[in-house]
file protein_2.txt (compact mmCIF, C-alpha atoms)
# COMPACT_ATOMS: atom_id res chain seq x y z
CA MET E 1 -33.83 11.08 -6.26
CA ASN E 2 -33.65 14.83 -6.48
CA LEU E 3 -31.49 14.95 -9.57
CA GLN E 4 -31.20 18.21 -11.43
CA TYR E 5 -31.09 18.13 -15.19
CA TRP E 6 -29.48 20.53 -17.60
CA ILE E 7 -30.96 20.75 -21.06
CA ASN E 8 -29.24 21.70 -24.26
CA GLN E 9 -31.75 22.37 -26.97
CA ASN E 10 -30.46 23.37 -30.40
CA GLY E 11 -27.26 24.62 -28.79
CA ALA E 12 -28.98 26.73 -26.10
CA GLN E 13 -28.27 25.51 -22.60
CA SER E 14 -30.72 25.83 -19.74
CA GLY E 15 -31.25 24.37 -16.34
CA PRO E 16 -31.21 23.02 -13.77
CA TYR E 17 -34.63 21.43 -13.86
CA THR E 18 -36.17 18.74 -11.75
CA ILE E 19 -37.77 15.82 -13.48
CA GLU E 20 -41.23 17.19 -12.62
CA GLN E 21 -40.45 20.41 -14.45
CA LEU E 22 -39.24 18.54 -17.48
CA GLN E 23 -42.57 16.77 -17.69
CA GLY E 24 -44.28 20.05 -18.53
CA MET E 25 -41.95 20.83 -21.38
CA SER E 26 -41.68 19.66 -24.94
CA PHE E 27 -38.49 18.64 -26.64
CA ASP E 28 -37.29 17.96 -30.11
CA THR E 29 -35.70 14.55 -29.70
CA ASN E 30 -33.05 14.97 -32.34
CA ASN E 31 -31.62 18.21 -31.03
CA THR E 32 -32.04 17.98 -27.28
CA TYR E 33 -29.27 16.77 -25.02
CA VAL E 34 -29.38 16.18 -21.33
CA TRP E 35 -26.83 16.17 -18.56
CA HIS E 36 -27.17 15.57 -14.86
CA LYS E 37 -24.60 15.20 -12.10
CA GLY E 38 -22.76 11.95 -12.40
CA MET E 39 -23.14 11.61 -16.13
CA ASP E 40 -19.96 11.45 -18.12
CA GLY E 41 -21.18 13.80 -20.81
CA TRP E 42 -24.21 15.03 -22.64
CA LYS E 43 -26.62 12.41 -23.90
CA ARG E 44 -29.42 12.72 -26.35
CA ILE E 45 -32.67 12.93 -24.45
CA ASP E 46 -34.10 9.70 -25.77
CA LYS E 47 -30.98 7.86 -24.58
CA VAL E 48 -31.63 8.84 -20.97
CA PRO E 49 -33.95 6.13 -19.71
CA GLU E 50 -35.82 8.12 -17.08
CA LEU E 51 -36.60 10.90 -19.54
CA ALA E 52 -37.37 8.78 -22.57
CA GLY E 53 -41.00 8.54 -21.47
CA LEU E 54 -41.66 12.26 -21.60
CA ILE E 55 -40.34 13.14 -24.99
CA VAL E 56 -42.79 15.25 -26.89
CA GLU E 57 -41.88 15.80 -30.47
CA ALA E 58 -41.94 19.52 -31.06
CA ALA E 59 -43.52 19.41 -34.46
CA PRO E 60 -43.58 22.75 -36.23
CA VAL E 61 -45.50 21.17 -39.12
CA VAL E 62 -48.70 21.05 -37.08
CA GLU E 63 -48.75 24.78 -36.50
CA GLU E 64 -48.53 25.47 -40.19
CA GLN E 65 -51.89 23.90 -40.91
CA PRO E 66 -53.94 26.95 -41.73
CA ALA E 67 -57.14 27.97 -40.02
CA VAL E 68 -59.14 24.87 -39.43
CA ALA E 69 -60.58 26.50 -36.37
CA PRO E 70 -58.56 29.63 -35.54
CA ASP E 71 -60.41 30.30 -32.30
CA VAL E 72 -59.59 26.93 -30.94
CA GLU E 73 -55.99 27.27 -31.94
CA GLU E 74 -55.68 30.61 -30.23
CA ALA E 75 -57.22 29.22 -27.12
CA GLN E 76 -54.72 26.41 -27.19
CA VAL E 77 -51.89 28.87 -27.51
CA ASP E 78 -53.22 30.76 -24.51
CA VAL E 79 -53.32 27.63 -22.48
CA GLU E 80 -49.84 26.75 -23.54
CA GLU E 81 -48.57 30.17 -22.61
CA LYS E 82 -50.13 29.92 -19.18
CA GLU E 83 -48.56 26.56 -18.69
CA MET E 84 -45.23 27.91 -19.73
CA LYS E 85 -45.48 30.75 -17.23
CA GLU E 86 -46.47 28.38 -14.49
CA ALA E 87 -43.59 26.18 -15.35
CA GLU E 88 -41.18 29.06 -15.42
CA ALA E 89 -41.97 30.44 -12.00
CA PRO E 90 -40.80 27.41 -10.02
CA ALA E 91 -37.96 26.98 -12.46
CA GLU E 92 -36.51 30.28 -11.37
CA GLU E 93 -36.67 29.33 -7.73
CA GLN E 94 -34.92 26.14 -8.56
CA VAL E 95 -32.18 27.99 -10.36
CA GLU E 96 -31.55 30.17 -7.37
CA GLU E 97 -31.40 27.20 -5.06
CA GLY E 98 -29.06 25.54 -7.46
CA VAL E 99 -26.80 28.56 -7.49
CA ASP E 100 -26.64 28.59 -3.72
CA GLU E 101 -25.69 24.97 -3.70
CA LEU E 102 -23.01 25.61 -6.24
CA ALA E 103 -21.57 28.37 -4.13
CA ASP E 104 -21.46 26.05 -1.14
CA GLN E 105 -19.66 23.34 -2.98
CA GLN E 106 -16.97 25.60 -4.40
CA ASP E 107 -17.45 26.55 -8.00
CA SER E 108 -15.55 23.60 -9.39
CA GLU E 109 -17.85 20.62 -9.53
CA PRO E 110 -21.55 20.39 -10.20
CA VAL E 111 -21.95 22.69 -13.17
CA PRO E 112 -22.54 20.75 -16.33
CA PRO E 113 -19.34 19.76 -18.07
CA ALA E 114 -17.82 22.42 -20.23
CA TYR E 115 -17.64 20.20 -23.24
CA GLU E 116 -18.56 21.72 -26.51
CA GLU E 117 -22.13 20.67 -26.98
CA PRO E 118 -22.25 17.39 -28.79
CA VAL E 119 -25.04 18.81 -30.93
CA PRO E 120 -23.83 18.27 -34.45
CA PRO E 121 -24.19 21.31 -36.67
CA THR E 122 -26.34 19.39 -39.08
CA PRO E 123 -29.70 20.87 -40.04
CA PRO E 124 -32.68 19.51 -38.09
CA MET E 125 -34.15 17.94 -41.20
CA GLN E 126 -31.78 14.99 -40.94
CA THR E 127 -33.03 11.57 -40.01
CA PRO E 128 -32.42 10.71 -36.37
CA GLU E 129 -30.28 7.70 -37.30
CA TYR E 130 -27.78 10.00 -38.92
CA VAL E 131 -27.35 12.22 -35.89
CA GLN E 132 -25.51 9.67 -33.77
CA PRO E 133 -23.59 11.93 -31.36
CA GLN E 134 -19.87 11.38 -31.04
CA MET E 135 -20.20 10.40 -27.40
CA ALA E 136 -19.51 6.70 -27.83
CA PRO E 137 -15.78 6.73 -26.98
CA VAL E 138 -16.40 8.74 -23.83
CA GLN E 139 -19.12 6.46 -22.60
CA THR E 140 -17.20 3.23 -22.85
CA PRO E 141 -15.22 3.67 -19.61
CA ALA E 142 -18.16 5.15 -17.76
CA PRO E 143 -19.53 2.01 -16.14
CA ALA E 144 -16.13 1.21 -14.66
CA GLN E 145 -15.84 4.59 -13.00
CA THR E 146 -17.55 5.72 -9.86
CA PRO E 147 -20.39 8.11 -10.61
CA GLU E 148 -18.85 11.21 -9.05
CA GLU E 149 -16.12 13.07 -10.90
CA CYS E 150 -12.75 12.95 -9.24
CA PRO E 151 -11.70 16.41 -8.03
CA PRO E 152 -8.50 17.65 -9.66
CA THR E 153 -5.41 16.35 -7.92
CA ASN E 154 -3.29 19.33 -9.02
CA LEU E 155 -0.39 16.97 -9.48
CA VAL E 156 1.02 18.81 -12.47
CA ALA E 157 0.84 22.16 -10.73
CA ALA E 158 2.41 20.69 -7.61
CA ILE E 159 5.36 19.21 -9.50
CA VAL E 160 5.86 22.42 -11.45
CA CYS E 161 6.00 24.29 -8.14
CA ALA E 162 8.39 21.72 -6.67
CA VAL E 163 10.73 22.02 -9.60
CA LEU E 164 10.46 25.75 -10.21
CA CYS E 165 9.40 27.52 -7.06
CA CYS E 166 11.94 26.04 -4.73
CA THR E 167 9.48 25.58 -1.95
CA PRO E 168 9.04 22.45 0.14
CA LEU E 169 5.39 23.49 0.36
CA ALA E 170 5.02 22.07 -3.13
CA VAL E 171 6.12 18.66 -1.91
CA VAL E 172 3.28 18.78 0.59
CA ALA E 173 1.02 19.64 -2.35
CA ILE E 174 2.12 16.42 -4.08
CA VAL E 175 1.29 14.50 -0.90
CA LEU E 176 -2.14 16.14 -0.99
CA ALA E 177 -2.55 15.03 -4.60
CA VAL E 178 -1.95 11.45 -3.51
CA MET E 179 -4.38 11.83 -0.62
CA THR E 180 -7.02 13.32 -2.90
CA LYS E 181 -6.84 10.31 -5.17
CA ASN E 182 -6.87 7.86 -2.29
CA LYS E 183 -9.90 9.45 -0.67
CA TYR E 184 -11.65 9.53 -4.00
CA GLN E 185 -11.03 5.86 -4.58
CA ALA E 186 -12.24 5.10 -1.08
CA GLY E 187 -15.48 6.86 -1.99
CA ASP E 188 -14.97 9.80 0.36
CA TYR E 189 -15.77 12.59 -2.08
CA GLU E 190 -16.01 15.30 0.56
CA LYS E 191 -12.48 14.70 1.84
CA ALA E 192 -11.17 14.28 -1.69
CA LYS E 193 -12.58 17.65 -2.63
CA LYS E 194 -11.14 19.24 0.50
CA TYR E 195 -7.65 17.85 -0.13
CA SER E 196 -7.88 18.91 -3.75
CA GLU E 197 -8.57 22.48 -2.65
CA TRP E 198 -5.79 22.42 -0.07
CA GLY E 199 -3.41 21.21 -2.74
CA ALA E 200 -4.37 24.05 -5.05
CA TRP E 201 -3.94 26.57 -2.24
CA LEU E 202 -0.53 25.18 -1.34
CA CYS E 203 0.61 25.60 -4.93
CA ILE E 204 -0.59 29.21 -4.92
CA LEU E 205 1.03 29.77 -1.54
CA SER E 206 4.36 28.43 -2.69
CA VAL E 207 4.32 30.76 -5.70
CA VAL E 208 3.40 33.73 -3.51
CA PHE E 209 6.08 32.82 -1.01
CA SER E 210 8.82 32.66 -3.60
CA ILE E 211 7.68 35.97 -5.13
CA LEU E 212 7.73 37.61 -1.70
CA PHE E 213 11.17 36.19 -1.07
CA MET E 214 12.50 37.66 -4.31
CA PRO E 215 13.25 41.24 -3.11
CA PHE E 216 14.53 39.89 0.20
CA SER E 217 16.99 37.62 -1.55
CA MET E 218 18.17 40.42 -3.81
CA ILE E 219 18.91 42.73 -0.85
CA MET E 220 20.40 40.20 1.54
CA LEU E 221 22.41 37.92 -0.73
CA MET B 1 -17.49 30.60 -21.18
CA THR B 2 -15.58 29.72 -24.29
CA ALA B 3 -14.67 33.37 -24.91
CA ARG B 4 -13.30 33.63 -21.39
CA ARG B 5 -11.34 30.48 -21.95
CA LYS B 6 -9.83 31.82 -25.12
CA ILE B 7 -8.72 34.95 -23.28
CA THR B 8 -7.20 32.82 -20.55
CA TYR B 9 -5.27 30.77 -23.06
CA ALA B 10 -4.09 33.91 -24.86
CA VAL B 11 -2.85 35.46 -21.61
CA LEU B 12 -1.13 32.23 -20.63
CA ALA B 13 0.57 32.02 -24.02
CA VAL B 14 1.81 35.61 -23.75
CA VAL B 15 3.15 35.03 -20.23
CA PHE B 16 4.81 31.81 -21.36
CA VAL B 17 6.54 33.46 -24.29
CA THR B 18 7.64 36.44 -22.20
CA VAL B 19 9.15 34.21 -19.54
CA ALA B 20 10.89 32.15 -22.19
CA VAL B 21 12.37 35.28 -23.78
CA VAL B 22 13.56 36.61 -20.41
CA TYR B 23 15.21 33.30 -19.55
CA PHE B 24 16.75 33.11 -22.99
CA VAL B 25 18.26 36.57 -22.93
CA PHE B 26 19.44 36.78 -19.31
CA ASP B 27 21.67 34.25 -17.65
CA PRO B 28 20.37 33.54 -14.11
CA SER B 29 23.84 32.57 -12.88
CA SER B 30 25.28 36.02 -13.63
CA THR B 31 22.23 38.28 -13.22
CA ARG B 32 21.15 39.30 -9.75
CA LEU B 33 17.56 39.99 -10.74
CA PHE B 34 16.41 36.38 -10.65
CA PRO B 35 14.82 35.05 -7.46
CA LYS B 36 17.04 33.01 -5.21
CA CYS B 37 15.90 29.79 -3.59
CA ALA B 38 14.43 30.52 -0.19
CA PHE B 39 15.07 27.02 1.10
CA LEU B 40 18.73 27.08 0.08
CA SER B 41 19.44 30.49 1.58
CA LEU B 42 17.61 29.69 4.82
CA THR B 43 18.87 26.16 5.46
CA GLY B 44 21.94 25.76 3.28
CA PHE B 45 20.44 22.64 1.70
CA LYS B 46 19.40 22.44 -1.93
CA CYS B 47 15.70 22.02 -2.64
CA PRO B 48 14.36 19.82 -5.48
CA GLY B 49 14.09 22.88 -7.70
CA CYS B 50 17.48 24.49 -7.15
CA GLY B 51 19.23 25.23 -10.40
CA SER B 52 16.13 25.02 -12.54
CA GLN B 53 16.37 28.65 -13.67
CA ARG B 54 19.89 28.06 -14.91
CA ALA B 55 18.73 24.76 -16.39
CA ILE B 56 15.94 26.52 -18.30
CA HIS B 57 18.44 29.07 -19.58
CA ALA B 58 20.70 26.24 -20.75
CA LEU B 59 17.80 24.35 -22.31
CA LEU B 60 16.71 27.44 -24.24
CA HIS B 61 20.24 27.58 -25.62
CA ALA B 62 19.97 23.89 -26.60
CA ASP B 63 22.56 22.90 -23.99
CA VAL B 64 20.92 19.76 -22.61
CA ILE B 65 24.02 18.47 -20.81
CA GLY B 66 24.48 21.79 -19.05
CA ALA B 67 20.83 21.74 -18.07
CA ILE B 68 21.16 18.23 -16.64
CA ARG B 69 24.13 19.40 -14.61
CA TYR B 70 22.10 22.26 -13.13
CA ASN B 71 18.92 20.31 -12.42
CA ALA B 72 18.51 16.84 -13.85
CA LEU B 73 15.04 16.39 -12.41
CA LEU B 74 13.73 19.37 -14.35
CA VAL B 75 15.04 18.05 -17.64
CA VAL B 76 13.54 14.63 -17.03
CA VAL B 77 10.25 15.90 -15.72
CA LEU B 78 9.47 18.57 -18.34
CA PRO B 79 8.44 16.23 -21.19
CA VAL B 80 6.49 14.04 -18.76
CA LEU B 81 4.63 17.06 -17.44
CA ALA B 82 3.85 18.24 -20.95
CA PHE B 83 2.48 14.79 -21.74
CA VAL B 84 0.30 14.64 -18.62
CA PHE B 85 -0.90 18.17 -19.22
CA THR B 86 -2.00 17.54 -22.80
CA SER B 87 -3.71 14.31 -21.82
CA ARG B 88 -6.24 16.41 -19.99
CA TYR B 89 -7.26 18.12 -23.21
CA LEU B 90 -7.30 14.88 -25.18
CA ARG B 91 -9.48 13.37 -22.49
CA ASP B 92 -12.47 12.93 -24.78
CA ARG B 93 -10.42 10.97 -27.24
CA PHE B 94 -8.27 8.96 -24.83
CA PRO B 95 -10.23 8.62 -21.58
CA ARG B 96 -8.28 5.50 -20.58
CA LEU B 97 -4.95 7.26 -20.89
CA TYR B 98 -6.26 10.15 -18.81
CA SER B 99 -7.46 7.95 -15.97
CA HIS B 100 -4.18 6.00 -15.97
CA LEU B 101 -2.11 9.18 -15.78
CA ASN B 102 -4.29 10.49 -12.96
CA SER B 103 -4.17 7.35 -10.87
CA ALA B 104 -2.84 7.35 -7.32
CA ILE B 105 0.21 5.34 -8.33
CA VAL B 106 1.45 8.08 -10.63
CA SER B 107 1.19 10.64 -7.81
CA ILE B 108 2.98 8.35 -5.37
CA VAL B 109 5.77 7.68 -7.84
CA ALA B 110 6.11 11.43 -8.44
CA LEU B 111 6.33 12.04 -4.70
CA ILE B 112 8.97 9.35 -4.21
CA ILE B 113 11.05 10.62 -7.12
CA VAL B 114 10.98 14.21 -5.91
CA CYS B 115 11.89 13.26 -2.34
CA LEU B 116 14.67 10.89 -3.44
CA TRP B 117 16.08 13.58 -5.72
CA TRP B 118 15.91 16.07 -2.88
CA ILE B 119 17.88 13.84 -0.50
CA LEU B 120 20.37 12.45 -2.99
CA ARG B 121 21.33 15.76 -4.51
CA ASN B 122 22.26 17.09 -1.07
CA ILE B 123 24.34 13.98 -0.30
CA TYR B 124 26.19 13.84 -3.60
CA ASN B 125 26.05 17.57 -4.27
CA TRP B 126 24.39 17.16 -7.68
call {"tool": "encode", "arguments": {"input": "protein_2.txt", "output": "structure tokens"}}
result
Amino acid sequence: MNLQYWINQNGAQSGPYTIEQLQGMSFDTNNTYVWHKGMDGWKRIDKVPELAGLIVEAAPVVEEQPAVAPDVEEAQVDVEEKEMKEAEAPAEEQVEEGVDELADQQDSEPVPPAYEEPVPPTPPMQTPEYVQPQMAPVQTPAPAQTPEECPPTNLVAAIVCAVLCCTPLAVVAIVLAVMTKNKYQAGDYEKAKKYSEWGAWLCILSVVFSILFMPFSMIML
Amino acid sequence: MTARRKITYAVLAVVFVTVAVVYFVFDPSSTRLFPKCAFLSLTGFKCPGCGSQRAIHALLHADVIGAIRYNALLVVVLPVLAFVFTSRYLRDRFPRLYSHLNSAIVSIVALIIVCLWWILRNIYNW
């Protein structure tokens, strides 16, 4: 399992991380949300079973305890900083790899969903029970669906082109929408994605074609 | 991301309004500036979209019957399309509705309707 995780901590999004990298980091349970490919939306970190074990409560209260042994504390900070740097170096490599992968797969899919972060704007002082994220309605259909997101079928665009752009190409785009859905339901995500892209291109092509035809039609007819 | 989205929506809204104004003011059946159907002028057969510019002009003037006479499919399909389109943005609230509207059956039905309309309108000269 080489899943990559995106983290949203207090509204700031970062990632992707591997699970090993996450083990070196500390999170505030109440304000940290996680997403990885295949998830329907952001989940609070303690609701993600594989990550629940590594939650470290980031407790600012501890740091405020004044000067029990300042030397020791400083040393601890140093160690922490070193760890952070060590953790960051591989993280950057990972990001670059991730970006390459994204470029390969066309920019549509594997970025974390563009939902507004489910982080409620409540102050962090609230009890965790109160901060139930509003994800419940989204999650209910999740188990019924296949893990991968269905690529867009472009059906609306195709019909708009068929009705407005006067090009039979748009009808082919509708056929491609059907094929996209069929391939997706058969579990063939690669083909589904390919058909989805072809459909989008056909819609664009039909628009371009009718625009190009415009001056021609005005001169000839 | 969100800022870019807002700009996109703003641009789309402006384009939409401009197009609506142009189609309201000018009548496509008497103005030469509007694009002609490539399929019709090349083959002599009507395509599924023929007449939709005139239909839009009629619709903008609240002449539904005239619009149906120009292109009935457009008039029928417009509200459906608007519904399907908004379902995408209400996806978080109605995920079931979204997945139903994006099922293969809906696409197949759309395909059949468009093709039937295409054939029938050339036979009966609708």
call {"tool": "axis_aligned_box", "arguments": {"input": "protein_2.txt", "around": "region 159-176 of chain E", "padding_each_side": "6 Å", "output": "AutoDock Vina command-line options"}}
result
--center_x 4.9 --center_y 21.0 --center_z -5.4 --size_x 26.1 --size_y 25.0 --size_z 24.0
call {"tool": "interface_residues", "arguments": {"input": "protein_2.txt", "of": "chain B", "to": "chain E", "cutoff": "6 Å", "atoms": "only C-alpha atoms", "output": "list in words"}}
result
Pro35, Lys36, Cys37, Cys47, Pro48, Gly49, Asp92, Ala104 and Ser107 of chain B
call {"tool": "atom_distance", "arguments": {"input": "protein_2.txt", "atom1": "CA of Asn71 (chain B)", "atom2": "CA of Asn102 (chain B)"}}
result
25.2 Å
call {"tool": "atom_distance", "arguments": {"input": "protein_2.txt", "atom1": "CA of Trp126 (chain B)", "atom2": "CA of Ala67 (chain B)"}}
result
11.9 Å
call {"tool": "closest_residue", "arguments": {"input": "protein_2.txt", "among": "B:Ile65, B:Cys50, B:Ala110, B:Leu60", "to": "Val77 (chain B)", "atoms": "only C-alpha atoms"}}
result
B:Ala110
call {"tool": "residues_around", "arguments": {"input": "protein_2.txt", "residues": "Phe24 (chain B)", "least_positions_apart": "3", "cutoff": "12 Å", "atoms": "all atoms listed in the file", "output": "PyMOL selection string"}}
result
chain B and resi 17-21+27-28+53-63
call {"tool": "atom_distance", "arguments": {"input": "protein_2.txt", "atom1": "CA of Leu73 (chain B)", "atom2": "CA of Leu111 (chain B)"}}
result
12.4 Å
call {"tool": "closest_residue", "arguments": {"input": "protein_2.txt", "among": "B:Phe83, B:Lys46, B:Phe39, B:Arg88", "to": "Asn122 (chain B)", "atoms": "all atoms listed in the file"}}
result
B:Lys46
call {"tool": "closest_residue", "arguments": {"input": "protein_2.txt", "among": "E:Thr32, E:Ser206, E:Ser196, E:Ser26", "to": "Gln13 (chain E)", "atoms": "only C-alpha atoms"}}
result
E:Thr32
call {"tool": "decode", "arguments": {"input": "protein_2.txt", "residues": "region 9-40 of chain B", "atoms": "N, CA and C atoms", "output": "PDB file, in the first residue's frame"}}
result
ATOM      1  N   TYR B   9     -16.082  31.729 -12.732  1.00  0.00           N
ATOM      2  CA  TYR B   9     -17.532  31.900 -12.681  1.00  0.00           C
ATOM      3  C   TYR B   9     -17.935  33.287 -13.156  1.00  0.00           C
ATOM      4  N   ALA B  10     -17.155  34.299 -12.764  1.00  0.00           N
ATOM      5  CA  ALA B  10     -17.483  35.669 -13.166  1.00  0.00           C
ATOM      6  C   ALA B  10     -17.422  35.793 -14.689  1.00  0.00           C
ATOM      7  N   VAL B  11     -16.338  35.248 -15.281  1.00  0.00           N
ATOM      8  CA  VAL B  11     -16.190  35.318 -16.733  1.00  0.00           C
ATOM      9  C   VAL B  11     -17.339  34.593 -17.421  1.00  0.00           C
ATOM     10  N   LEU B  12     -17.665  33.405 -16.902  1.00  0.00           N
ATOM     11  CA  LEU B  12     -18.762  32.635 -17.492  1.00  0.00           C
ATOM     12  C   LEU B  12     -20.071  33.411 -17.424  1.00  0.00           C
ATOM     13  N   ALA B  13     -20.302  34.058 -16.282  1.00  0.00           N
ATOM     14  CA  ALA B  13     -21.544  34.822 -16.125  1.00  0.00           C
ATOM     15  C   ALA B  13     -21.598  35.959 -17.139  1.00  0.00           C
ATOM     16  N   VAL B  14     -20.469  36.656 -17.293  1.00  0.00           N
ATOM     17  CA  VAL B  14     -20.430  37.777 -18.245  1.00  0.00           C
ATOM     18  C   VAL B  14     -20.705  37.276 -19.668  1.00  0.00           C
ATOM     19  N   VAL B  15     -20.035  36.176 -20.038  1.00  0.00           N
ATOM     20  CA  VAL B  15     -20.237  35.621 -21.380  1.00  0.00           C
ATOM     21  C   VAL B  15     -21.703  35.242 -21.565  1.00  0.00           C
ATOM     22  N   PHE B  16     -22.260  34.595 -20.549  1.00  0.00           N
ATOM     23  CA  PHE B  16     -23.646  34.148 -20.621  1.00  0.00           C
ATOM     24  C   PHE B  16     -24.592  35.326 -20.850  1.00  0.00           C
ATOM     25  N   VAL B  17     -24.389  36.368 -20.076  1.00  0.00           N
ATOM     26  CA  VAL B  17     -25.273  37.535 -20.189  1.00  0.00           C
ATOM     27  C   VAL B  17     -25.112  38.197 -21.558  1.00  0.00           C
ATOM     28  N   THR B  18     -23.851  38.312 -22.009  1.00  0.00           N
ATOM     29  CA  THR B  18     -23.602  38.933 -23.315  1.00  0.00           C
ATOM     30  C   THR B  18     -24.319  38.163 -24.422  1.00  0.00           C
ATOM     31  N   VAL B  19     -24.143  36.839 -24.400  1.00  0.00           N
ATOM     32  CA  VAL B  19     -24.780  36.022 -25.430  1.00  0.00           C
ATOM     33  C   VAL B  19     -26.291  36.194 -25.381  1.00  0.00           C
ATOM     34  N   ALA B  20     -26.834  36.196 -24.167  1.00  0.00           N
ATOM     35  CA  ALA B  20     -28.279  36.345 -24.018  1.00  0.00           C
ATOM     36  C   ALA B  20     -28.746  37.681 -24.608  1.00  0.00           C
ATOM     37  N   VAL B  21     -27.980  38.744 -24.322  1.00  0.00           N
ATOM     38  CA  VAL B  21     -28.364  40.063 -24.840  1.00  0.00           C
ATOM     39  C   VAL B  21     -28.313  40.068 -26.368  1.00  0.00           C
ATOM     40  N   VAL B  22     -27.225  39.497 -26.928  1.00  0.00           N
ATOM     41  CA  VAL B  22     -27.097  39.458 -28.389  1.00  0.00           C
ATOM     42  C   VAL B  22     -28.274  38.704 -29.005  1.00  0.00           C
ATOM     43  N   TYR B  23     -28.628  37.553 -28.410  1.00  0.00           N
ATOM     44  CA  TYR B  23     -29.712  36.766 -28.988  1.00  0.00           C
ATOM     45  C   TYR B  23     -31.069  37.401 -28.735  1.00  0.00           C
ATOM     46  N   PHE B  24     -31.125  38.273 -27.723  1.00  0.00           N
ATOM     47  CA  PHE B  24     -32.395  38.956 -27.488  1.00  0.00           C
ATOM     48  C   PHE B  24     -32.593  40.074 -28.515  1.00  0.00           C
ATOM     49  N   VAL B  25     -31.506  40.806 -28.762  1.00  0.00           N
ATOM     50  CA  VAL B  25     -31.631  41.999 -29.601  1.00  0.00           C
ATOM     51  C   VAL B  25     -31.747  41.628 -31.076  1.00  0.00           C
ATOM     52  N   PHE B  26     -30.887  40.694 -31.529  1.00  0.00           N
ATOM     53  CA  PHE B  26     -30.862  40.367 -32.958  1.00  0.00           C
ATOM     54  C   PHE B  26     -31.677  39.119 -33.236  1.00  0.00           C
ATOM     55  N   ASP B  27     -32.362  39.124 -34.342  1.00  0.00           N
ATOM     56  CA  ASP B  27     -33.144  37.960 -34.740  1.00  0.00           C
ATOM     57  C   ASP B  27     -32.302  37.108 -35.694  1.00  0.00           C
ATOM     58  N   PRO B  28     -31.944  35.884 -35.305  1.00  0.00           N
ATOM     59  CA  PRO B  28     -31.073  35.063 -36.162  1.00  0.00           C
ATOM     60  C   PRO B  28     -31.700  34.749 -37.517  1.00  0.00           C
ATOM     61  N   SER B  29     -33.018  34.787 -37.634  1.00  0.00           N
ATOM     62  CA  SER B  29     -33.616  34.430 -38.926  1.00  0.00           C
ATOM     63  C   SER B  29     -33.517  35.571 -39.926  1.00  0.00           C
ATOM     64  N   SER B  30     -33.243  36.796 -39.466  1.00  0.00           N
ATOM     65  CA  SER B  30     -33.149  37.903 -40.423  1.00  0.00           C
ATOM     66  C   SER B  30     -31.757  38.529 -40.439  1.00  0.00           C
ATOM     67  N   THR B  31     -30.878  38.143 -39.512  1.00  0.00           N
ATOM     68  CA  THR B  31     -29.541  38.713 -39.489  1.00  0.00           C
ATOM     69  C   THR B  31     -28.551  37.709 -40.071  1.00  0.00           C
ATOM     70  N   ARG B  32     -27.680  38.183 -40.910  1.00  0.00           N
ATOM     71  CA  ARG B  32     -26.733  37.264 -41.565  1.00  0.00           C
ATOM     72  C   ARG B  32     -25.538  36.930 -40.692  1.00  0.00           C
ATOM     73  N   LEU B  33     -25.376  37.662 -39.601  1.00  0.00           N
ATOM     74  CA  LEU B  33     -24.153  37.510 -38.810  1.00  0.00           C
ATOM     75  C   LEU B  33     -24.093  36.204 -38.011  1.00  0.00           C
ATOM     76  N   PHE B  34     -25.205  35.551 -37.827  1.00  0.00           N
ATOM     77  CA  PHE B  34     -25.197  34.354 -36.986  1.00  0.00           C
ATOM     78  C   PHE B  34     -24.667  33.155 -37.759  1.00  0.00           C
ATOM     79  N   PRO B  35     -23.974  32.270 -37.082  1.00  0.00           N
ATOM     80  CA  PRO B  35     -23.396  31.103 -37.783  1.00  0.00           C
ATOM     81  C   PRO B  35     -24.489  30.195 -38.331  1.00  0.00           C
ATOM     82  N   LYS B  36     -24.222  29.697 -39.527  1.00  0.00           N
ATOM     83  CA  LYS B  36     -25.158  28.743 -40.127  1.00  0.00           C
ATOM     84  C   LYS B  36     -24.741  27.328 -39.749  1.00  0.00           C
ATOM     85  N   CYS B  37     -25.664  26.413 -39.848  1.00  0.00           N
ATOM     86  CA  CYS B  37     -25.356  25.030 -39.506  1.00  0.00           C
ATOM     87  C   CYS B  37     -24.507  24.410 -40.610  1.00  0.00           C
ATOM     88  N   ALA B  38     -23.358  23.896 -40.214  1.00  0.00           N
ATOM     89  CA  ALA B  38     -22.457  23.298 -41.193  1.00  0.00           C
ATOM     90  C   ALA B  38     -23.068  22.037 -41.789  1.00  0.00           C
ATOM     91  N   PHE B  39     -23.692  21.242 -40.929  1.00  0.00           N
ATOM     92  CA  PHE B  39     -24.246  19.962 -41.385  1.00  0.00           C
ATOM     93  C   PHE B  39     -25.359  20.190 -42.401  1.00  0.00           C
ATOM     94  N   LEU B  40     -26.207  21.181 -42.107  1.00  0.00           N
ATOM     95  CA  LEU B  40     -27.329  21.468 -43.020  1.00  0.00           C
ATOM     96  C   LEU B  40     -26.820  21.967 -44.368  1.00  0.00           C
TER      97      LEU B  40
END
